[in-house]
$ cat run20.cif   # mmCIF, C-alpha atoms and all ligand atoms
data_target
loop_
_atom_site.group_PDB
_atom_site.id
_atom_site.type_symbol
_atom_site.label_atom_id
_atom_site.label_comp_id
_atom_site.auth_asym_id
_atom_site.auth_seq_id
_atom_site.Cartn_x
_atom_site.Cartn_y
_atom_site.Cartn_z
ATOM 1 C CA MET M 1 -19.800 -38.488 -36.607
ATOM 2 C CA VAL M 2 -16.050 -38.599 -37.102
ATOM 3 C CA ILE M 3 -13.783 -36.396 -35.040
ATOM 4 C CA SER M 4 -10.604 -35.473 -36.843
ATOM 5 C CA LEU M 5 -7.256 -36.119 -35.205
ATOM 6 C CA ASN M 6 -6.736 -32.417 -34.824
ATOM 7 C CA SER M 7 -9.974 -31.814 -33.038
ATOM 8 C CA CYS M 8 -9.408 -34.908 -31.021
ATOM 9 C CA LEU M 9 -6.132 -33.480 -29.754
ATOM 10 C CA SER M 10 -7.687 -30.169 -28.900
ATOM 11 C CA PHE M 11 -10.486 -32.005 -27.210
ATOM 12 C CA ILE M 12 -8.042 -33.936 -25.071
ATOM 13 C CA CYS M 13 -6.343 -30.692 -24.192
ATOM 14 C CA LEU M 14 -9.653 -29.198 -23.191
ATOM 15 C CA LEU M 15 -10.321 -32.096 -20.873
ATOM 16 C CA LEU M 16 -6.819 -32.167 -19.504
ATOM 17 C CA CYS M 17 -6.488 -28.432 -19.148
ATOM 18 C CA HIS M 18 -9.800 -28.295 -17.480
ATOM 19 C CA TRP M 19 -8.938 -31.104 -15.137
ATOM 20 C CA ILE M 20 -5.655 -29.448 -14.193
ATOM 21 C CA GLY M 21 -7.259 -26.047 -13.824
ATOM 22 C CA THR M 22 -9.933 -27.105 -11.401
ATOM 23 C CA SER M 23 -8.440 -30.237 -9.901
ATOM 24 C CA SER M 24 -9.899 -29.576 -6.514
ATOM 25 C CA PRO M 25 -7.841 -30.407 -3.445
ATOM 26 C CA LEU M 26 -11.058 -30.923 -1.514
ATOM 27 C CA ASN M 27 -11.489 -34.460 -0.338
ATOM 28 C CA LEU M 28 -14.787 -35.889 -1.518
ATOM 29 C CA GLU M 29 -14.801 -38.226 1.477
ATOM 30 C CA ASP M 30 -15.036 -35.180 3.705
ATOM 31 C CA PRO M 31 -18.691 -35.035 4.832
ATOM 32 C CA ASN M 32 -18.501 -31.247 4.689
ATOM 33 C CA VAL M 33 -17.689 -31.267 0.987
ATOM 34 C CA CYS M 34 -20.659 -31.078 -1.318
ATOM 35 C CA SER M 35 -20.349 -31.953 -4.980
ATOM 36 C CA HIS M 36 -22.599 -31.867 -7.990
ATOM 37 C CA TRP M 37 -22.320 -32.537 -11.696
ATOM 38 C CA GLU M 38 -22.001 -29.492 -13.849
ATOM 39 C CA SER M 39 -22.467 -29.393 -17.593
ATOM 40 C CA TYR M 40 -20.256 -27.421 -19.904
ATOM 41 C CA SER M 41 -19.751 -27.329 -23.613
ATOM 42 C CA VAL M 42 -16.632 -27.670 -25.666
ATOM 43 C CA THR M 43 -16.106 -26.812 -29.273
ATOM 44 C CA VAL M 44 -15.027 -29.711 -31.433
ATOM 45 C CA GLN M 45 -14.347 -30.086 -35.113
ATOM 46 C CA GLU M 46 -16.431 -32.714 -36.705
ATOM 47 C CA SER M 47 -16.370 -34.164 -40.169
ATOM 48 C CA TYR M 48 -19.526 -34.661 -42.138
ATOM 49 C CA PRO M 49 -20.458 -35.640 -45.702
ATOM 50 C CA HIS M 50 -20.928 -32.393 -47.550
ATOM 51 C CA PRO M 51 -23.185 -32.750 -50.619
ATOM 52 C CA PHE M 52 -22.182 -31.174 -53.903
ATOM 53 C CA ASP M 53 -23.334 -31.180 -57.442
ATOM 54 C CA GLN M 54 -21.223 -33.546 -59.477
ATOM 55 C CA ILE M 55 -21.214 -33.268 -63.212
ATOM 56 C CA TYR M 56 -20.490 -36.267 -65.363
ATOM 57 C CA TYR M 57 -21.022 -37.289 -68.928
ATOM 58 C CA THR M 58 -22.760 -40.167 -70.554
ATOM 59 C CA SER M 59 -23.136 -41.182 -74.115
ATOM 60 C CA CYS M 60 -26.483 -40.455 -75.520
ATOM 61 C CA THR M 61 -28.349 -39.821 -78.746
ATOM 62 C CA ASP M 62 -27.724 -36.083 -78.735
ATOM 63 C CA ILE M 63 -26.131 -35.499 -82.081
ATOM 64 C CA LEU M 64 -25.441 -31.810 -81.409
ATOM 65 C CA ASN M 65 -23.160 -32.700 -78.537
ATOM 66 C CA TRP M 66 -21.376 -35.510 -80.190
ATOM 67 C CA PHE M 67 -23.479 -38.058 -78.470
ATOM 68 C CA LYS M 68 -22.229 -36.823 -75.116
ATOM 69 C CA CYS M 69 -24.692 -35.667 -72.516
ATOM 70 C CA THR M 70 -24.036 -33.736 -69.312
ATOM 71 C CA ARG M 71 -25.542 -35.259 -66.193
ATOM 72 C CA HIS M 72 -25.770 -34.117 -62.596
ATOM 73 C CA ARG M 73 -25.781 -36.089 -59.455
ATOM 74 C CA ILE M 74 -25.501 -35.346 -55.727
ATOM 75 C CA SER M 75 -22.205 -36.537 -54.405
ATOM 76 C CA TYR M 76 -20.580 -36.184 -50.987
ATOM 77 C CA ARG M 77 -17.167 -35.234 -49.818
ATOM 78 C CA THR M 78 -15.813 -35.068 -46.319
ATOM 79 C CA ALA M 79 -15.993 -31.562 -44.847
ATOM 80 C CA TYR M 80 -15.376 -30.198 -41.418
ATOM 81 C CA ARG M 81 -17.413 -27.968 -39.234
ATOM 82 C CA HIS M 82 -17.427 -26.717 -35.667
ATOM 83 C CA GLY M 83 -19.710 -28.531 -33.331
ATOM 84 C CA GLU M 84 -20.621 -28.209 -29.675
ATOM 85 C CA LYS M 85 -20.330 -31.060 -27.292
ATOM 86 C CA THR M 86 -21.882 -31.058 -23.853
ATOM 87 C CA MET M 87 -19.607 -32.477 -21.174
ATOM 88 C CA TYR M 88 -20.104 -33.062 -17.485
ATOM 89 C CA ARG M 89 -17.689 -32.501 -14.678
ATOM 90 C CA ARG M 90 -17.923 -32.982 -10.955
ATOM 91 C CA LYS M 91 -17.787 -29.713 -9.134
ATOM 92 C CA SER M 92 -16.991 -29.804 -5.433
ATOM 93 C CA GLN M 93 -17.210 -27.052 -2.907
ATOM 94 C CA CYS M 94 -17.766 -26.683 0.795
ATOM 95 C CA CYS M 95 -21.321 -27.379 1.944
ATOM 96 C CA PRO M 96 -23.427 -24.412 3.111
ATOM 97 C CA GLY M 97 -22.203 -23.168 6.482
ATOM 98 C CA PHE M 98 -18.637 -24.281 5.786
ATOM 99 C CA TYR M 99 -15.704 -22.533 4.175
ATOM 100 C CA GLU M 100 -12.490 -23.707 2.603
ATOM 101 C CA SER M 101 -9.380 -23.484 4.716
ATOM 102 C CA GLY M 102 -6.241 -25.332 3.707
ATOM 103 C CA GLU M 103 -7.862 -28.126 1.664
ATOM 104 C CA MET M 104 -10.481 -28.609 4.355
ATOM 105 C CA CYS M 105 -14.019 -27.429 4.765
ATOM 106 C CA VAL M 106 -14.387 -25.961 8.227
ATOM 107 C CA PRO M 107 -17.603 -24.723 9.829
ATOM 108 C CA HIS M 108 -18.269 -21.014 9.958
ATOM 109 C CA CYS M 109 -19.553 -19.305 13.090
ATOM 110 C CA ALA M 110 -20.888 -15.830 12.394
ATOM 111 C CA ASP M 111 -20.177 -14.922 16.004
ATOM 112 C CA LYS M 112 -16.551 -15.632 16.834
ATOM 113 C CA CYS M 113 -16.228 -18.311 19.541
ATOM 114 C CA VAL M 114 -14.388 -16.259 22.156
ATOM 115 C CA HIS M 115 -13.376 -19.016 24.594
ATOM 116 C CA GLY M 116 -14.180 -22.042 22.523
ATOM 117 C CA ARG M 117 -14.129 -23.320 18.988
ATOM 118 C CA CYS M 118 -16.540 -23.512 16.130
ATOM 119 C CA ILE M 119 -17.593 -27.156 15.752
ATOM 120 C CA ALA M 120 -20.582 -26.787 13.425
ATOM 121 C CA PRO M 121 -22.108 -23.871 11.505
ATOM 122 C CA ASN M 122 -22.883 -21.179 14.083
ATOM 123 C CA THR M 123 -22.240 -23.588 16.958
ATOM 124 C CA CYS M 124 -19.479 -22.898 19.448
ATOM 125 C CA GLN M 125 -18.080 -25.506 21.794
ATOM 126 C CA CYS M 126 -16.978 -23.617 24.894
ATOM 127 C CA GLU M 127 -13.941 -24.325 26.997
ATOM 128 C CA PRO M 128 -14.688 -25.361 30.571
ATOM 129 C CA GLY M 129 -15.554 -22.301 32.627
ATOM 130 C CA TRP M 130 -17.194 -20.446 29.752
ATOM 131 C CA GLY M 131 -20.712 -20.267 28.393
ATOM 132 C CA GLY M 132 -23.041 -18.287 26.175
ATOM 133 C CA THR M 133 -23.572 -18.767 22.455
ATOM 134 C CA ASN M 134 -20.142 -17.313 21.663
ATOM 135 C CA CYS M 135 -18.443 -18.594 24.856
ATOM 136 C CA SER M 136 -17.795 -15.061 26.060
ATOM 137 C CA SER M 137 -19.470 -15.270 29.469
ATOM 138 C CA ALA M 138 -17.676 -16.779 32.444
ATOM 139 C CA CYS M 139 -19.588 -19.323 34.514
ATOM 140 C CA ASP M 140 -21.309 -17.874 37.573
ATOM 141 C CA GLY M 141 -20.334 -19.079 41.042
ATOM 142 C CA ASP M 142 -22.960 -21.788 40.972
ATOM 143 C CA HIS M 143 -21.941 -23.466 37.703
ATOM 144 C CA TRP M 144 -18.855 -24.891 36.072
ATOM 145 C CA GLY M 145 -17.581 -26.897 33.099
ATOM 146 C CA PRO M 146 -18.048 -26.524 29.344
ATOM 147 C CA HIS M 147 -21.032 -24.247 28.688
ATOM 148 C CA CYS M 148 -21.373 -23.890 32.488
ATOM 149 C CA THR M 149 -23.863 -26.756 32.423
ATOM 150 C CA SER M 150 -22.671 -28.490 35.596
ATOM 151 C CA ARG M 151 -24.032 -27.364 38.938
ATOM 152 C CA CYS M 152 -21.674 -26.577 41.716
ATOM 153 C CA GLN M 153 -21.880 -29.184 44.489
ATOM 154 C CA CYS M 154 -19.842 -27.315 47.102
ATOM 155 C CA LYS M 155 -21.327 -26.761 50.549
ATOM 156 C CA ASN M 156 -20.866 -24.284 53.376
ATOM 157 C CA GLY M 157 -20.171 -21.257 51.204
ATOM 158 C CA ALA M 158 -17.349 -22.902 49.274
ATOM 159 C CA LEU M 159 -16.416 -21.536 45.861
ATOM 160 C CA CYS M 160 -16.399 -23.848 42.912
ATOM 161 C CA ASN M 161 -13.567 -23.939 40.387
ATOM 162 C CA PRO M 162 -15.312 -22.860 37.135
ATOM 163 C CA ILE M 163 -13.188 -25.249 35.090
ATOM 164 C CA THR M 164 -12.964 -28.424 37.178
ATOM 165 C CA GLY M 165 -15.853 -27.968 39.620
ATOM 166 C CA ALA M 166 -13.461 -28.630 42.502
ATOM 167 C CA CYS M 167 -14.523 -26.969 45.753
ATOM 168 C CA HIS M 168 -12.385 -24.338 47.425
ATOM 169 C CA CYS M 169 -13.575 -24.677 51.007
ATOM 170 C CA ALA M 170 -14.183 -21.692 53.210
ATOM 171 C CA ALA M 171 -12.157 -21.535 56.425
ATOM 172 C CA GLY M 172 -13.232 -24.196 58.885
ATOM 173 C CA PHE M 173 -14.460 -26.774 56.364
ATOM 174 C CA ARG M 174 -12.960 -29.720 54.555
ATOM 175 C CA GLY M 175 -13.926 -32.629 52.360
ATOM 176 C CA TRP M 176 -14.562 -33.129 48.661
ATOM 177 C CA ARG M 177 -17.629 -30.913 48.863
ATOM 178 C CA CYS M 178 -16.583 -29.037 51.997
ATOM 179 C CA GLU M 179 -19.361 -30.845 53.777
ATOM 180 C CA ASP M 180 -17.299 -31.542 56.916
ATOM 181 C CA ARG M 181 -16.030 -29.242 59.610
ATOM 182 C CA CYS M 182 -12.332 -29.281 60.434
ATOM 183 C CA LYS M 183 -11.308 -32.199 62.624
ATOM 184 C CA GLN M 184 -11.317 -31.491 66.340
ATOM 185 C CA GLY M 185 -8.053 -29.768 67.177
ATOM 186 C CA THR M 186 -7.698 -27.994 63.831
ATOM 187 C CA TYR M 187 -9.295 -24.910 62.340
ATOM 188 C CA GLY M 188 -9.065 -22.208 59.673
ATOM 189 C CA ASN M 189 -8.134 -22.241 55.964
ATOM 190 C CA ASP M 190 -7.804 -25.818 54.775
ATOM 191 C CA CYS M 191 -7.941 -26.761 58.490
ATOM 192 C CA HIS M 192 -4.205 -26.082 58.592
ATOM 193 C CA GLN M 193 -4.162 -24.278 61.998
ATOM 194 C CA ARG M 194 -3.738 -26.220 65.222
ATOM 195 C CA CYS M 195 -6.019 -25.370 68.093
ATOM 196 C CA GLN M 196 -4.281 -23.934 71.166
ATOM 197 C CA CYS M 197 -7.132 -24.593 73.591
ATOM 198 C CA GLN M 198 -6.329 -26.341 76.827
ATOM 199 C CA ASN M 199 -8.165 -28.166 79.569
ATOM 200 C CA GLY M 200 -10.546 -29.932 77.193
ATOM 201 C CA ALA M 201 -11.858 -26.700 75.689
ATOM 202 C CA THR M 202 -13.429 -26.938 72.239
ATOM 203 C CA CYS M 203 -12.009 -24.867 69.454
ATOM 204 C CA ASP M 204 -14.095 -22.963 66.912
ATOM 205 C CA HIS M 205 -13.526 -24.702 63.536
ATOM 206 C CA ILE M 206 -13.406 -21.356 61.740
ATOM 207 C CA THR M 207 -11.634 -18.889 64.070
ATOM 208 C CA GLY M 208 -9.847 -21.213 66.462
ATOM 209 C CA GLU M 209 -11.475 -19.366 69.367
ATOM 210 C CA CYS M 210 -11.583 -21.516 72.503
ATOM 211 C CA ARG M 211 -14.859 -22.283 74.292
ATOM 212 C CA CYS M 212 -13.833 -23.054 77.817
ATOM 213 C CA PRO M 213 -15.462 -25.780 79.850
ATOM 214 C CA PRO M 214 -16.931 -24.717 83.191
ATOM 215 C CA GLY M 215 -14.258 -23.612 85.645
ATOM 216 C CA TYR M 216 -11.718 -22.318 83.153
ATOM 217 C CA THR M 217 -10.991 -18.972 81.540
ATOM 218 C CA GLY M 218 -8.396 -17.204 79.411
ATOM 219 C CA ALA M 219 -7.853 -17.049 75.674
ATOM 220 C CA PHE M 220 -6.768 -20.676 75.631
ATOM 221 C CA CYS M 221 -8.724 -21.667 78.758
ATOM 222 C CA GLU M 222 -5.414 -22.078 80.437
ATOM 223 C CA ASP M 223 -6.533 -20.371 83.681
ATOM 224 C CA LEU M 224 -8.830 -21.471 86.469
ATOM 225 C CA CYS M 225 -11.733 -19.204 87.302
ATOM 226 C CA PRO M 226 -10.548 -16.309 89.480
ATOM 227 C CA PRO M 227 -11.167 -16.681 93.242
ATOM 228 C CA GLY M 228 -14.821 -16.253 94.150
ATOM 229 C CA LYS M 229 -16.069 -17.394 90.721
ATOM 230 C CA HIS M 230 -16.829 -20.778 89.244
ATOM 231 C CA GLY M 231 -18.819 -22.619 86.657
ATOM 232 C CA PRO M 232 -19.521 -21.911 82.959
ATOM 233 C CA GLN M 233 -17.682 -18.766 81.820
ATOM 234 C CA CYS M 234 -16.722 -18.331 85.490
ATOM 235 C CA GLU M 235 -19.943 -16.396 85.910
ATOM 236 C CA GLN M 236 -21.168 -18.064 89.070
ATOM 237 C CA ARG M 237 -20.374 -16.511 92.442
ATOM 238 C CA CYS M 238 -18.979 -18.727 95.108
ATOM 239 C CA PRO M 239 -21.218 -19.261 98.098
ATOM 240 C CA CYS M 240 -18.398 -20.155 100.498
ATOM 241 C CA GLN M 241 -18.071 -18.219 103.721
ATOM 242 C CA ASN M 242 -15.430 -17.793 106.376
ATOM 243 C CA GLY M 243 -12.568 -18.066 103.923
ATOM 244 C CA GLY M 244 -13.790 -21.299 102.340
ATOM 245 C CA VAL M 245 -12.260 -21.956 98.938
ATOM 246 C CA CYS M 246 -14.673 -22.656 96.152
ATOM 247 C CA HIS M 247 -14.063 -25.388 93.598
ATOM 248 C CA HIS M 248 -13.552 -23.658 90.229
ATOM 249 C CA VAL M 249 -15.859 -26.065 88.437
ATOM 250 C CA THR M 250 -18.583 -27.092 90.860
ATOM 251 C CA GLY M 251 -18.491 -24.195 93.322
ATOM 252 C CA GLU M 252 -18.204 -26.724 96.125
ATOM 253 C CA CYS M 253 -16.628 -25.141 99.172
ATOM 254 C CA SER M 254 -13.665 -26.660 100.852
ATOM 255 C CA CYS M 255 -13.726 -25.293 104.318
ATOM 256 C CA PRO M 256 -10.670 -24.259 106.236
ATOM 257 C CA ALA M 257 -9.913 -26.206 109.382
ATOM 258 C CA GLY M 258 -12.549 -25.714 112.077
ATOM 259 C CA TRP M 259 -15.476 -25.101 109.747
ATOM 260 C CA MET M 260 -17.973 -27.379 108.081
ATOM 261 C CA VAL M 261 -20.340 -27.047 105.171
HETATM 262 C C1 LIG M 301 -20.594 -12.463 22.152
HETATM 263 O O1 LIG M 301 -21.969 -12.393 22.506
HETATM 264 C C2 LIG M 301 -22.290 -11.279 23.321
HETATM 265 C C3 LIG M 301 -23.739 -11.376 23.731
HETATM 266 O O2 LIG M 301 -24.413 -12.420 23.141
HETATM 267 C C4 LIG M 301 -21.984 -9.987 22.564
HETATM 268 O O3 LIG M 301 -22.271 -8.884 23.383
HETATM 269 C C5 LIG M 301 -20.521 -9.975 22.166
HETATM 270 O O4 LIG M 301 -20.250 -8.838 21.375
HETATM 271 C C6 LIG M 301 -20.156 -11.227 21.396
HETATM 272 N N1 LIG M 301 -18.728 -11.226 21.178
HETATM 273 C C7 LIG M 301 -18.171 -11.500 20.000
HETATM 274 C C8 LIG M 301 -16.687 -11.426 19.934
HETATM 275 O O5 LIG M 301 -18.832 -11.782 19.034
#

$ encode --input "run20.cif" --output "structure tokens" --more "lines below"
Ligand SMILES: *[C@@H]1O[C@H](CO)[C@@H](O)[C@H](O)[C@H]1NC(C)=O
Amino acid sequence: MVISLNSCLSFICLLLCHWIGTSSPLNLEDPNVCSHWESYSVTVQESYPHPFDQIYYTSCTDILNWFKCTRHRISYRTAYRHGEKTMYRRKSQCCPGFYESGEMCVPHCADKCVHGRCIAPNTCQCEPGWGGTNCSSACDGDHWGPHCTSRCQCKNGALCNPITGACHCAAGFRGWRCEDRCKQGTYGNDCHQRCQCQNGATCDHITGECRCPPGYTGAFCEDLCPPGKHGPQCEQRCPCQNGGVCHHVTGECSCPAGWMV
């Protein structure tokens, strides 16, 4: 088969035009780009030997025709006809579940990823602090991190940061996991308050309230038990008689001059 110059040119144009028309910007190295070979046909002109009846003369014994005889033979000349040629081209498009966005094939999530991003077809990757298939639900108090998969480790009623998991200690507690009470002498939020208790009283790690040792009273345990009382919470009555003075802690009587226990 011979393709004429003309058809050859038009054929080149077909190829070129086609290539320009569909030159895909998609990168075939991209794993999310799928390609396949597609067949298509182009019209070409082709030459072929066209048979025709050729008449020629030979000398012969035919007297009536002046010894000239007419003969026929099949001869061929070059003719042209339209032919179809099947061509193949590589067709690339985004794989199922992906769509084209700026020369890239990006995954499609039917449900929009509210606080996250679509990392695979219908798969959201949530930001820390968010969970659920579309990342629309905030982590509950007991969980944190991406998809709320990490368990809160905070103790003593501490709240957990939903993003970092860091513990926000309740008043009176400290430590990475709020596992420790405030150090002696401090109390309250972040153990920032200083205890005001005196005379060896212990201070409540949460409220700062003073628990007085035996023999002392007052908001800060700054006072001795009132006369006639002694002991824990100054609840004990003094047994001393005849004007004896009672020790505020032990209740021991110290007798005035002239008297003995
Ligand atoms: C996210 O999912 C929840 C429940 O699964 C649904 O109620 C909500 O409409 C969804 N939001 C979006 C933006 O798709």

$ residues_near_point --input "run20.cif" --point "(-14.9, -32.5, -41.8)" --cutoff "6 Å" --atoms "only C-alpha atoms" --output "ChimeraX atom specification"
/M:46-48,78-81

$ resolve_selection --input "run20.cif" --expression "the PyMOL selection byres (((chain M and resi 109) around 12) and not hetatm)" --output "MDAnalysis selection string"
chainID M and resid 96:99 106:108 110:114 116:125 133:135

$ resolve_selection --input "run20.cif" --expression "the PyMOL selection byres (((chain M and resi 187) around 9) and not hetatm)" --output "count of residues only"
23

$ closest_residue --input "run20.cif" --among "M:Thr61, M:Ser137, M:Ser39, M:Thr86" --to "ligand LIG 301 (chain M)" --atoms "all atoms listed in the file"
M:Ser137

$ resolve_selection --input "run20.cif" --expression "the PyMOL selection byres (((chain M and resi 165) around 8) and not hetatm)" --output "PyMOL selection string"
chain M and resi 143-145+150+152-153+160-164+166-167

$ closest_residue --input "run20.cif" --among "M:Cys94, M:His72, M:His36, M:Ala138" --to "ligand LIG 301 (chain M)" --atoms "all atoms listed in the file"
M:Ala138

$ residues_around --input "run20.cif" --residues "Cys95 (chain M)" --least-positions-apart "5" --cutoff "6 Å" --atoms "all atoms listed in the file" --output "PyMOL selection string"
chain M and resi 32-34

$ closest_residue --input "run20.cif" --among "M:His115, M:Val44, M:Ala219, M:Ser59" --to "ligand LIG 301 (chain M)" --atoms "all atoms listed in the file"
M:His115

$ axis_aligned_box --input "run20.cif" --around "region 222-234 of chain M" --padding-each-side "5 Å" --output "AutoDock Vina command-line options"
--center_x -12.5 --center_y -19.4 --center_z 87.3 --size_x 24.1 --size_y 16.4 --size_z 23.7

$ atom_distance --input "run20.cif" --atom1 "CA of Asp53 (chain M)" --atom2 "CA of Gly83 (chain M)"
24.5 Å

$ residues_around --input "run20.cif" --residues "His147 (chain M)" --least-positions-apart "4" --cutoff "6 Å" --atoms "only C-alpha atoms" --output "PyMOL selection string"
chain M and resi 126+130-131

$ closest_residue --input "run20.cif" --among "M:Gly132, M:Asp30, M:Tyr57, M:Ile63" --to "ligand LIG 301 (chain M)" --atoms "only C-alpha atoms and all ligand atoms"
M:Gly132

$ closest_residue --input "run20.cif" --among "M:Ser136, M:Cys238, M:Cys210, M:Glu100" --to "ligand LIG 301 (chain M)" --atoms "all atoms listed in the file"
M:Ser136

$ atom_distance --input "run20.cif" --atom1 "CA of Cys197 (chain M)" --atom2 "CA of Gly251 (chain M)"
22.8 Å

$ atom_distance --input "run20.cif" --atom1 "CA of Lys155 (chain M)" --atom2 "CA of Asp142 (chain M)"
10.9 Å

$ residues_around --input "run20.cif" --residues "Ser75 (chain M)" --least-positions-apart "6" --cutoff "9 Å" --atoms "only C-alpha atoms" --output "ChimeraX atom specification"
/M:49-54

$ residues_near_point --input "run20.cif" --point "(-17.1, -23.1, -26.7)" --cutoff "9 Å" --atoms "only C-alpha atoms" --output "list of chain:residue names"
M:Tyr40, M:Ser41, M:Val42, M:Thr43, M:Val44, M:Gly83, M:Glu84, M:Lys85

$ closest_residue --input "run20.cif" --among "M:Lys229, M:Gly258, M:Leu28, M:Trp37" --to "Cys246 (chain M)" --atoms "all atoms listed in the file"
M:Lys229

$ build_atoms --input "run20.cif" --residues "region 194-201 of chain M" --atoms "all heavy atoms" --output "mmCIF file, in the frame of the given file"
data_model
loop_
_atom_site.group_PDB
_atom_site.id
_atom_site.type_symbol
_atom_site.label_atom_id
_atom_site.label_comp_id
_atom_site.auth_asym_id
_atom_site.auth_seq_id
_atom_site.Cartn_x
_atom_site.Cartn_y
_atom_site.Cartn_z
ATOM 1 N N ARG M 194 -3.548 -25.331 64.074
ATOM 2 C CA ARG M 194 -3.738 -26.220 65.222
ATOM 3 C C ARG M 194 -4.388 -25.434 66.346
ATOM 4 O O ARG M 194 -3.981 -24.316 66.643
ATOM 5 C CB ARG M 194 -2.394 -26.743 65.726
ATOM 6 C CG ARG M 194 -1.698 -27.621 64.748
ATOM 7 C CD ARG M 194 -0.996 -28.785 65.447
ATOM 8 N NE ARG M 194 -1.133 -29.953 64.592
ATOM 9 C CZ ARG M 194 -2.042 -30.913 64.768
ATOM 10 N NH1 ARG M 194 -2.877 -30.855 65.796
ATOM 11 N NH2 ARG M 194 -2.123 -31.930 63.939
ATOM 12 N N CYS M 195 -5.349 -26.031 66.973
ATOM 13 C CA CYS M 195 -6.019 -25.370 68.093
ATOM 14 C C CYS M 195 -5.073 -25.289 69.294
ATOM 15 O O CYS M 195 -4.314 -26.222 69.548
ATOM 16 C CB CYS M 195 -7.258 -26.160 68.494
ATOM 17 S SG CYS M 195 -8.575 -26.022 67.301
ATOM 18 N N GLN M 196 -5.152 -24.150 70.003
ATOM 19 C CA GLN M 196 -4.281 -23.934 71.166
ATOM 20 C C GLN M 196 -5.039 -24.152 72.479
ATOM 21 O O GLN M 196 -4.492 -23.917 73.550
ATOM 22 C CB GLN M 196 -3.757 -22.494 71.151
ATOM 23 C CG GLN M 196 -3.067 -22.089 69.856
ATOM 24 C CD GLN M 196 -1.684 -22.707 69.742
ATOM 25 O OE1 GLN M 196 -0.917 -22.649 70.706
ATOM 26 N NE2 GLN M 196 -1.403 -23.314 68.608
ATOM 27 N N CYS M 197 -6.287 -24.519 72.398
ATOM 28 C CA CYS M 197 -7.132 -24.593 73.591
ATOM 29 C C CYS M 197 -6.654 -25.699 74.545
ATOM 30 O O CYS M 197 -6.212 -26.761 74.097
ATOM 31 C CB CYS M 197 -8.572 -24.866 73.181
ATOM 32 S SG CYS M 197 -9.139 -23.745 71.901
ATOM 33 N N GLN M 198 -6.774 -25.390 75.803
ATOM 34 C CA GLN M 198 -6.329 -26.341 76.827
ATOM 35 C C GLN M 198 -7.496 -26.778 77.703
ATOM 36 O O GLN M 198 -8.589 -26.247 77.588
ATOM 37 C CB GLN M 198 -5.242 -25.699 77.686
ATOM 38 C CG GLN M 198 -4.008 -25.332 76.880
ATOM 39 C CD GLN M 198 -3.026 -24.508 77.681
ATOM 40 O OE1 GLN M 198 -3.071 -24.521 78.921
ATOM 41 N NE2 GLN M 198 -2.165 -23.800 76.983
ATOM 42 N N ASN M 199 -7.199 -27.710 78.573
ATOM 43 C CA ASN M 199 -8.165 -28.166 79.569
ATOM 44 C C ASN M 199 -9.471 -28.663 78.946
ATOM 45 O O ASN M 199 -10.563 -28.407 79.440
ATOM 46 C CB ASN M 199 -8.448 -27.064 80.595
ATOM 47 C CG ASN M 199 -7.210 -26.748 81.419
ATOM 48 O OD1 ASN M 199 -6.588 -27.665 81.954
ATOM 49 N ND2 ASN M 199 -6.845 -25.486 81.495
ATOM 50 N N GLY M 200 -9.367 -29.324 77.814
ATOM 51 C CA GLY M 200 -10.546 -29.932 77.193
ATOM 52 C C GLY M 200 -11.499 -28.929 76.560
ATOM 53 O O GLY M 200 -12.641 -29.265 76.247
ATOM 54 N N ALA M 201 -10.996 -27.698 76.326
ATOM 55 C CA ALA M 201 -11.858 -26.700 75.689
ATOM 56 C C ALA M 201 -12.063 -27.066 74.226
ATOM 57 O O ALA M 201 -11.197 -27.676 73.611
ATOM 58 C CB ALA M 201 -11.202 -25.328 75.791
#
